[in-house]
Amino acid sequence: MTNFPNGVASFGMPLMPALMGLPLGGGKAIWVHSSYAGGASNGDFDRPFTALETALNSGKVRASRGDVIYIKSGHAESVASATAINIDLAGISIVGLGVGTQRPTFTFTTATTSTIPVTVADVVIANIVFSANFDSVAAAFTLTAAANFTLLNCEFKDTSVTDVSFVNIVDTSTTDNAADGLTIRGCKWRSEDDASGSLVKSDAALEGLVVAECYLDHSVSTVAGVVVTQAADKQLTNALVDRNFVRTAASVVGTLVLGTCATSTGFLSRNAVQSLDVAGGSLAAAVTTPFTLVQNWVSGALAEPRAIDSIGTIFNDA
């Protein structure tokens, strides 16, 4: 077994992270596994660091070099505060290995303020499970000067049916455009707590948001803006909300996107939504609805009449 100092390759062709849909960065591979007990760690495959923050602080991972932190199958780690893990190295990827229950799991405990701050640009996190084990954890990630932050194929869930949950998954700062390019693709968020809110809580102007191919199940939450809640009068421009599957108990307008800025722009396309909004309210709420809606399918409770609220959006109870 080698230490994979420059990633994994076959006949000179890099295999990871390319197979996970990540760009090839050309940097070094650093390894993490919580169960390692074989002596001093150095981040190599056979001597991995035991915690993500240890890897970030080790000096082995460098900013803007395309380095990848691989977290091995079965890794388990707690996030008990807002300082336990701080992602402060730009241009790195953090990739979980494994399938199903073997994927690395980060469990949020102890306080509603437990979170993972991201304070740099161009960070990718892929194939990791994030679990709430405290009531109303405000946000899994808080972004500050974190343009192009990307979540790929991650899962967010509660550890039990009630009294533990994430309120939001990503919470931006109040600085306009500091989180531009935010991308969430192929992720799942299932919660049976009525406190569940938005995948993205955007507190400032945001350009280029992409939320695509996600599954969001908030079957008991009545909170609107399941995909994104935009701060009052702040623009959400060139957004793409595409091919998501959303289940919610919300009965107000703005099921997917909630905001008040009439100059926001973007596409809501090919989303399938099950909502309890018997009035057939719009998928996006603003002073006017500036988003272009294309081929969205909205279903309410059985036998309740529905209405078409905008071109390209179909309501059906069948």
# chains A, B, ... in the order shown; residues from 1 in each chain; ligands from 1

call {"tool": "residues_around", "arguments": {"residues": "Ile30 of chain A", "least_positions_apart": "2", "cutoff": "8 Å", "atoms": "only C-alpha atoms", "output": "ChimeraX atom specification"}}
result
/A:5,28,32,43-45,48,55,60-61,67-70

call {"tool": "residues_around", "arguments": {"residues": "Thr105 of chain A", "least_positions_apart": "3", "cutoff": "8 Å", "atoms": "only C-alpha atoms", "output": "list in words"}}
result
Gly74, His75, Ala76, Glu77, Ile128, Val129, Phe130 and Ser131 of chain A

call {"tool": "closest_residue", "arguments": {"among": "A:Asn42, A:Ser282, A:Asn57, A:Gln235", "to": "Leu256 of chain A", "atoms": "only C-alpha atoms"}}
result
A:Ser282

call {"tool": "residues_around", "arguments": {"residues": "Ala284 of chain A", "least_positions_apart": "4", "cutoff": "12 Å", "atoms": "only C-alpha atoms", "output": "ChimeraX atom specification"}}
result
/A:224-230,236,239,241,252-262,264-269,280,288-293,296,309-310,313

call {"tool": "select_by_dssp", "arguments": {"residues": "segment 82-270 of chain A", "states": "strand (DSSP E or B)", "output": "JSON list (two decimals) with N, CA and C atoms, in the first residue's frame"}}
result
[["chain", "number", "residue", "atom", "x", "y", "z"],
["A", 87, "ILE", "N", -12.60, 25.79, 8.47],
["A", 87, "ILE", "CA", -12.04, 25.59, 7.14],
["A", 87, "ILE", "C", -11.51, 26.94, 6.66],
["A", 93, "SER", "N", -10.18, 20.56, -1.36],
["A", 93, "SER", "CA", -11.35, 19.68, -1.41],
["A", 93, "SER", "C", -11.30, 18.73, -0.22],
["A", 94, "ILE", "N", -12.46, 18.46, 0.35],
["A", 94, "ILE", "CA", -12.59, 17.51, 1.46],
["A", 94, "ILE", "C", -13.56, 16.43, 1.00],
["A", 95, "VAL", "N", -13.04, 15.22, 0.81],
["A", 95, "VAL", "CA", -13.80, 14.16, 0.14],
["A", 95, "VAL", "C", -13.96, 12.97, 1.07],
["A", 96, "GLY", "N", -15.20, 12.59, 1.32],
["A", 96, "GLY", "CA", -15.48, 11.39, 2.10],
["A", 96, "GLY", "C", -15.51, 10.16, 1.23],
["A", 105, "THR", "N", -19.06, 10.58, 9.01],
["A", 105, "THR", "CA", -20.18, 11.29, 9.63],
["A", 105, "THR", "C", -19.66, 12.32, 10.62],
["A", 106, "PHE", "N", -20.16, 13.54, 10.49],
["A", 106, "PHE", "CA", -19.88, 14.62, 11.43],
["A", 106, "PHE", "C", -21.18, 14.94, 12.16],
["A", 107, "THR", "N", -21.15, 14.79, 13.49],
["A", 107, "THR", "CA", -22.35, 14.97, 14.30],
["A", 107, "THR", "C", -22.28, 16.26, 15.09],
["A", 108, "PHE", "N", -23.29, 17.10, 14.95],
["A", 108, "PHE", "CA", -23.34, 18.40, 15.63],
["A", 108, "PHE", "C", -24.02, 18.23, 16.98],
["A", 116, "ILE", "N", -19.69, 24.69, 11.28],
["A", 116, "ILE", "CA", -18.39, 24.64, 10.62],
["A", 116, "ILE", "C", -18.21, 25.94, 9.84],
["A", 117, "PRO", "N", -17.38, 26.86, 10.32],
["A", 117, "PRO", "CA", -17.14, 28.10, 9.58],
["A", 117, "PRO", "C", -16.26, 27.85, 8.35],
["A", 118, "VAL", "N", -16.61, 28.50, 7.27],
["A", 118, "VAL", "CA", -15.78, 28.49, 6.06],
["A", 118, "VAL", "C", -15.42, 29.94, 5.78],
["A", 124, "VAL", "N", -14.45, 22.75, -1.68],
["A", 124, "VAL", "CA", -15.40, 21.71, -2.08],
["A", 124, "VAL", "C", -15.48, 20.65, -0.98],
["A", 125, "ILE", "N", -16.70, 20.25, -0.63],
["A", 125, "ILE", "CA", -16.93, 19.16, 0.33],
["A", 125, "ILE", "C", -17.85, 18.14, -0.34],
["A", 126, "ALA", "N", -17.44, 16.88, -0.34],
["A", 126, "ALA", "CA", -18.18, 15.86, -1.08],
["A", 126, "ALA", "C", -18.33, 14.56, -0.29],
["A", 129, "VAL", "N", -21.67, 12.71, 5.48],
["A", 129, "VAL", "CA", -22.94, 12.80, 6.21],
["A", 129, "VAL", "C", -22.77, 13.79, 7.37],
["A", 130, "PHE", "N", -23.72, 14.69, 7.50],
["A", 130, "PHE", "CA", -23.75, 15.65, 8.60],
["A", 130, "PHE", "C", -25.04, 15.43, 9.38],
["A", 131, "SER", "N", -24.91, 15.16, 10.67],
["A", 131, "SER", "CA", -26.05, 14.74, 11.48],
["A", 131, "SER", "C", -26.27, 15.71, 12.64],
["A", 132, "ALA", "N", -27.51, 16.14, 12.85],
["A", 132, "ALA", "CA", -27.86, 17.01, 13.97],
["A", 132, "ALA", "C", -28.23, 16.16, 15.17],
["A", 137, "VAL", "N", -30.01, 23.25, 15.65],
["A", 137, "VAL", "CA", -28.67, 23.72, 15.26],
["A", 137, "VAL", "C", -28.85, 24.77, 14.17],
["A", 138, "ALA", "N", -28.35, 25.97, 14.40],
["A", 138, "ALA", "CA", -28.69, 27.10, 13.52],
["A", 138, "ALA", "C", -28.23, 26.90, 12.09],
["A", 139, "ALA", "N", -27.03, 26.36, 11.88],
["A", 139, "ALA", "CA", -26.52, 26.15, 10.53],
["A", 139, "ALA", "C", -25.37, 25.17, 10.56],
["A", 140, "ALA", "N", -25.34, 24.25, 9.60],
["A", 140, "ALA", "CA", -24.22, 23.33, 9.51],
["A", 140, "ALA", "C", -22.96, 24.08, 9.07],
["A", 141, "PHE", "N", -23.11, 25.01, 8.13],
["A", 141, "PHE", "CA", -21.97, 25.78, 7.64],
["A", 141, "PHE", "C", -22.29, 27.27, 7.70],
["A", 142, "THR", "N", -21.33, 28.06, 8.15],
["A", 142, "THR", "CA", -21.46, 29.52, 8.11],
["A", 142, "THR", "C", -20.34, 30.06, 7.23],
["A", 143, "LEU", "N", -20.72, 30.86, 6.25],
["A", 143, "LEU", "CA", -19.78, 31.31, 5.22],
["A", 143, "LEU", "C", -19.38, 32.77, 5.44],
["A", 150, "THR", "N", -18.79, 24.80, -2.33],
["A", 150, "THR", "CA", -19.53, 23.75, -3.04],
["A", 150, "THR", "C", -19.75, 22.54, -2.16],
["A", 151, "LEU", "N", -20.99, 22.07, -2.12],
["A", 151, "LEU", "CA", -21.35, 20.82, -1.46],
["A", 151, "LEU", "C", -21.83, 19.84, -2.52],
["A", 152, "LEU", "N", -21.19, 18.66, -2.59],
["A", 152, "LEU", "CA", -21.53, 17.65, -3.58],
["A", 152, "LEU", "C", -21.91, 16.34, -2.90],
["A", 155, "GLU", "N", -25.14, 14.42, 2.70],
["A", 155, "GLU", "CA", -26.44, 14.15, 3.31],
["A", 155, "GLU", "C", -26.51, 14.83, 4.67],
["A", 156, "PHE", "N", -27.67, 15.43, 4.95],
["A", 156, "PHE", "CA", -27.94, 16.10, 6.21],
["A", 156, "PHE", "C", -29.17, 15.46, 6.83],
["A", 157, "LYS", "N", -29.07, 15.10, 8.11],
["A", 157, "LYS", "CA", -30.19, 14.40, 8.72],
["A", 157, "LYS", "C", -30.19, 14.59, 10.23],
["A", 158, "ASP", "N", -31.32, 14.23, 10.85],
["A", 158, "ASP", "CA", -31.47, 14.27, 12.30],
["A", 158, "ASP", "C", -31.10, 12.91, 12.86],
["A", 166, "PHE", "N", -31.29, 20.50, 12.09],
["A", 166, "PHE", "CA", -30.68, 21.71, 11.56],
["A", 166, "PHE", "C", -31.80, 22.68, 11.22],
["A", 167, "VAL", "N", -31.63, 23.95, 11.57],
["A", 167, "VAL", "CA", -32.57, 24.96, 11.12],
["A", 167, "VAL", "C", -32.26, 25.33, 9.67],
["A", 168, "ASN", "N", -30.98, 25.55, 9.38],
["A", 168, "ASN", "CA", -30.52, 25.82, 8.02],
["A", 168, "ASN", "C", -29.26, 24.98, 7.77],
["A", 169, "ILE", "N", -28.92, 24.79, 6.52],
["A", 169, "ILE", "CA", -27.69, 24.07, 6.20],
["A", 169, "ILE", "C", -26.54, 25.05, 5.95],
["A", 170, "VAL", "N", -26.73, 26.03, 5.11],
["A", 170, "VAL", "CA", -25.70, 27.02, 4.83],
["A", 170, "VAL", "C", -26.23, 28.40, 5.19],
["A", 171, "ASP", "N", -25.47, 29.15, 5.98],
["A", 171, "ASP", "CA", -25.84, 30.51, 6.37],
["A", 171, "ASP", "C", -24.72, 31.45, 5.93],
["A", 172, "THR", "N", -25.05, 32.44, 5.11],
["A", 172, "THR", "CA", -24.01, 33.35, 4.62],
["A", 172, "THR", "C", -23.84, 34.52, 5.58],
["A", 183, "THR", "N", -22.69, 26.60, -4.56],
["A", 183, "THR", "CA", -23.25, 25.48, -5.32],
["A", 183, "THR", "C", -23.55, 24.32, -4.39],
["A", 184, "ILE", "N", -24.77, 23.80, -4.48],
["A", 184, "ILE", "CA", -25.17, 22.61, -3.72],
["A", 184, "ILE", "C", -25.80, 21.65, -4.71],
["A", 185, "ARG", "N", -25.17, 20.52, -4.91],
["A", 185, "ARG", "CA", -25.61, 19.61, -5.97],
["A", 185, "ARG", "C", -25.65, 18.17, -5.44],
["A", 188, "LYS", "N", -28.87, 15.54, 0.00],
["A", 188, "LYS", "CA", -30.13, 15.15, 0.62],
["A", 188, "LYS", "C", -30.24, 15.79, 2.01],
["A", 189, "TRP", "N", -31.45, 16.25, 2.32],
["A", 189, "TRP", "CA", -31.72, 16.77, 3.66],
["A", 189, "TRP", "C", -33.10, 16.28, 4.07],
["A", 190, "ARG", "N", -33.12, 15.38, 5.02],
["A", 190, "ARG", "CA", -34.38, 14.82, 5.53],
["A", 190, "ARG", "C", -34.53, 15.19, 7.00],
["A", 200, "VAL", "N", -30.39, 27.12, 2.11],
["A", 200, "VAL", "CA", -29.52, 28.29, 2.09],
["A", 200, "VAL", "C", -30.23, 29.46, 2.76],
["A", 201, "LYS", "N", -29.65, 29.99, 3.80],
["A", 201, "LYS", "CA", -30.12, 31.24, 4.41],
["A", 201, "LYS", "C", -29.15, 32.32, 3.98],
["A", 202, "SER", "N", -29.59, 33.12, 3.03],
["A", 202, "SER", "CA", -28.71, 34.13, 2.43],
["A", 202, "SER", "C", -28.99, 35.48, 3.07],
["A", 206, "LEU", "N", -26.55, 37.82, -3.37],
["A", 206, "LEU", "CA", -25.91, 36.56, -3.75],
["A", 206, "LEU", "C", -26.06, 36.36, -5.24],
["A", 207, "GLU", "N", -24.95, 36.12, -5.92],
["A", 207, "GLU", "CA", -24.96, 35.94, -7.37],
["A", 207, "GLU", "C", -24.48, 34.54, -7.73],
["A", 210, "VAL", "N", -26.36, 27.96, -7.32],
["A", 210, "VAL", "CA", -26.85, 26.77, -8.00],
["A", 210, "VAL", "C", -27.28, 25.75, -6.95],
["A", 211, "VAL", "N", -28.54, 25.32, -7.01],
["A", 211, "VAL", "CA", -29.03, 24.21, -6.19],
["A", 211, "VAL", "C", -29.68, 23.24, -7.16],
["A", 212, "ALA", "N", -29.09, 22.08, -7.33],
["A", 212, "ALA", "CA", -29.54, 21.17, -8.37],
["A", 212, "ALA", "C", -29.51, 19.72, -7.89],
["A", 215, "TYR", "N", -32.58, 16.38, -2.86],
["A", 215, "TYR", "CA", -33.81, 15.83, -2.30],
["A", 215, "TYR", "C", -34.00, 16.43, -0.91],
["A", 216, "LEU", "N", -35.09, 17.19, -0.74],
["A", 216, "LEU", "CA", -35.34, 17.91, 0.51],
["A", 216, "LEU", "C", -36.69, 17.48, 1.05],
["A", 217, "ASP", "N", -36.69, 16.78, 2.16],
["A", 217, "ASP", "CA", -37.93, 16.27, 2.76],
["A", 217, "ASP", "C", -38.17, 16.95, 4.10],
["A", 218, "HIS", "N", -39.08, 17.92, 4.11],
["A", 218, "HIS", "CA", -39.48, 18.63, 5.33],
["A", 218, "HIS", "C", -40.96, 18.39, 5.55],
["A", 228, "VAL", "N", -34.02, 28.38, -0.63],
["A", 228, "VAL", "CA", -33.27, 29.57, -0.21],
["A", 228, "VAL", "C", -34.23, 30.61, 0.36],
["A", 229, "THR", "N", -33.84, 31.18, 1.49],
["A", 229, "THR", "CA", -34.50, 32.36, 2.04],
["A", 229, "THR", "C", -33.54, 33.52, 1.92],
["A", 230, "GLN", "N", -33.95, 34.53, 1.16],
["A", 230, "GLN", "CA", -33.10, 35.67, 0.86],
["A", 230, "GLN", "C", -33.46, 36.83, 1.79],
["A", 236, "LEU", "N", -31.01, 38.25, -5.30],
["A", 236, "LEU", "CA", -30.55, 36.90, -5.64],
["A", 236, "LEU", "C", -30.51, 36.87, -7.15],
["A", 237, "THR", "N", -29.32, 36.95, -7.74],
["A", 237, "THR", "CA", -29.21, 37.12, -9.18],
["A", 237, "THR", "C", -28.59, 35.90, -9.85],
["A", 239, "ALA", "N", -29.65, 32.99, -10.35],
["A", 239, "ALA", "CA", -29.77, 31.75, -9.59],
["A", 239, "ALA", "C", -30.32, 30.63, -10.48],
["A", 240, "LEU", "N", -29.89, 29.41, -10.20],
["A", 240, "LEU", "CA", -30.43, 28.23, -10.89],
["A", 240, "LEU", "C", -30.87, 27.23, -9.84],
["A", 241, "VAL", "N", -32.18, 26.96, -9.80],
["A", 241, "VAL", "CA", -32.76, 25.96, -8.91],
["A", 241, "VAL", "C", -33.39, 24.92, -9.82],
["A", 242, "ASP", "N", -32.74, 23.77, -9.96],
["A", 242, "ASP", "CA", -33.07, 22.88, -11.07],
["A", 242, "ASP", "C", -33.11, 21.41, -10.63],
["A", 245, "PHE", "N", -36.19, 17.65, -5.81],
["A", 245, "PHE", "CA", -37.39, 17.02, -5.30],
["A", 245, "PHE", "C", -37.61, 17.53, -3.88],
["A", 246, "VAL", "N", -38.76, 18.19, -3.65],
["A", 246, "VAL", "CA", -38.99, 18.87, -2.39],
["A", 246, "VAL", "C", -40.35, 18.45, -1.83],
["A", 247, "ARG", "N", -40.34, 18.08, -0.56],
["A", 247, "ARG", "CA", -41.58, 17.77, 0.16],
["A", 247, "ARG", "C", -41.65, 18.67, 1.38],
["A", 248, "THR", "N", -42.77, 19.38, 1.54],
["A", 248, "THR", "CA", -42.89, 20.34, 2.63],
["A", 248, "THR", "C", -44.34, 20.45, 3.09],
["A", 257, "VAL", "N", -38.28, 29.50, -3.05],
["A", 257, "VAL", "CA", -37.46, 30.70, -2.88],
["A", 257, "VAL", "C", -38.30, 31.78, -2.21],
["A", 258, "LEU", "N", -37.80, 32.31, -1.11],
["A", 258, "LEU", "CA", -38.53, 33.33, -0.36],
["A", 258, "LEU", "C", -37.67, 34.58, -0.25],
["A", 266, "GLY", "N", -33.28, 34.65, -12.19],
["A", 266, "GLY", "CA", -32.84, 33.26, -12.22],
["A", 266, "GLY", "C", -33.90, 32.33, -12.77],
["A", 267, "PHE", "N", -33.57, 31.05, -12.80],
["A", 267, "PHE", "CA", -34.46, 30.02, -13.31],
["A", 267, "PHE", "C", -34.83, 29.04, -12.20],
["A", 268, "LEU", "N", -36.11, 28.71, -12.12],
["A", 268, "LEU", "CA", -36.60, 27.58, -11.34],
["A", 268, "LEU", "C", -37.14, 26.59, -12.36],
["A", 269, "SER", "N", -36.43, 25.50, -12.55],
["A", 269, "SER", "CA", -36.78, 24.61, -13.65],
["A", 269, "SER", "C", -36.79, 23.14, -13.22]]

call {"tool": "select_by_dssp", "arguments": {"residues": "segment 30-234 of chain A", "states": "alpha helix (DSSP H)", "output": "ChimeraX atom specification"}}
result
/A:52-56

call {"tool": "closest_residue", "arguments": {"among": "A:Ser78, A:Ser41, A:Thr263, A:Thr162", "to": "Ala285 of chain A", "atoms": "only C-alpha atoms"}}
result
A:Thr263

call {"tool": "closest_residue", "arguments": {"among": "A:Ala111, A:Ala51, A:Val164, A:Ala231", "to": "Tyr36 of chain A", "atoms": "only C-alpha atoms"}}
result
A:Ala51

call {"tool": "atom_distance", "arguments": {"atom1": "atom CA of Ala195 of chain A", "atom2": "atom CA of Ser114 of chain A"}}
result
16.2 Å
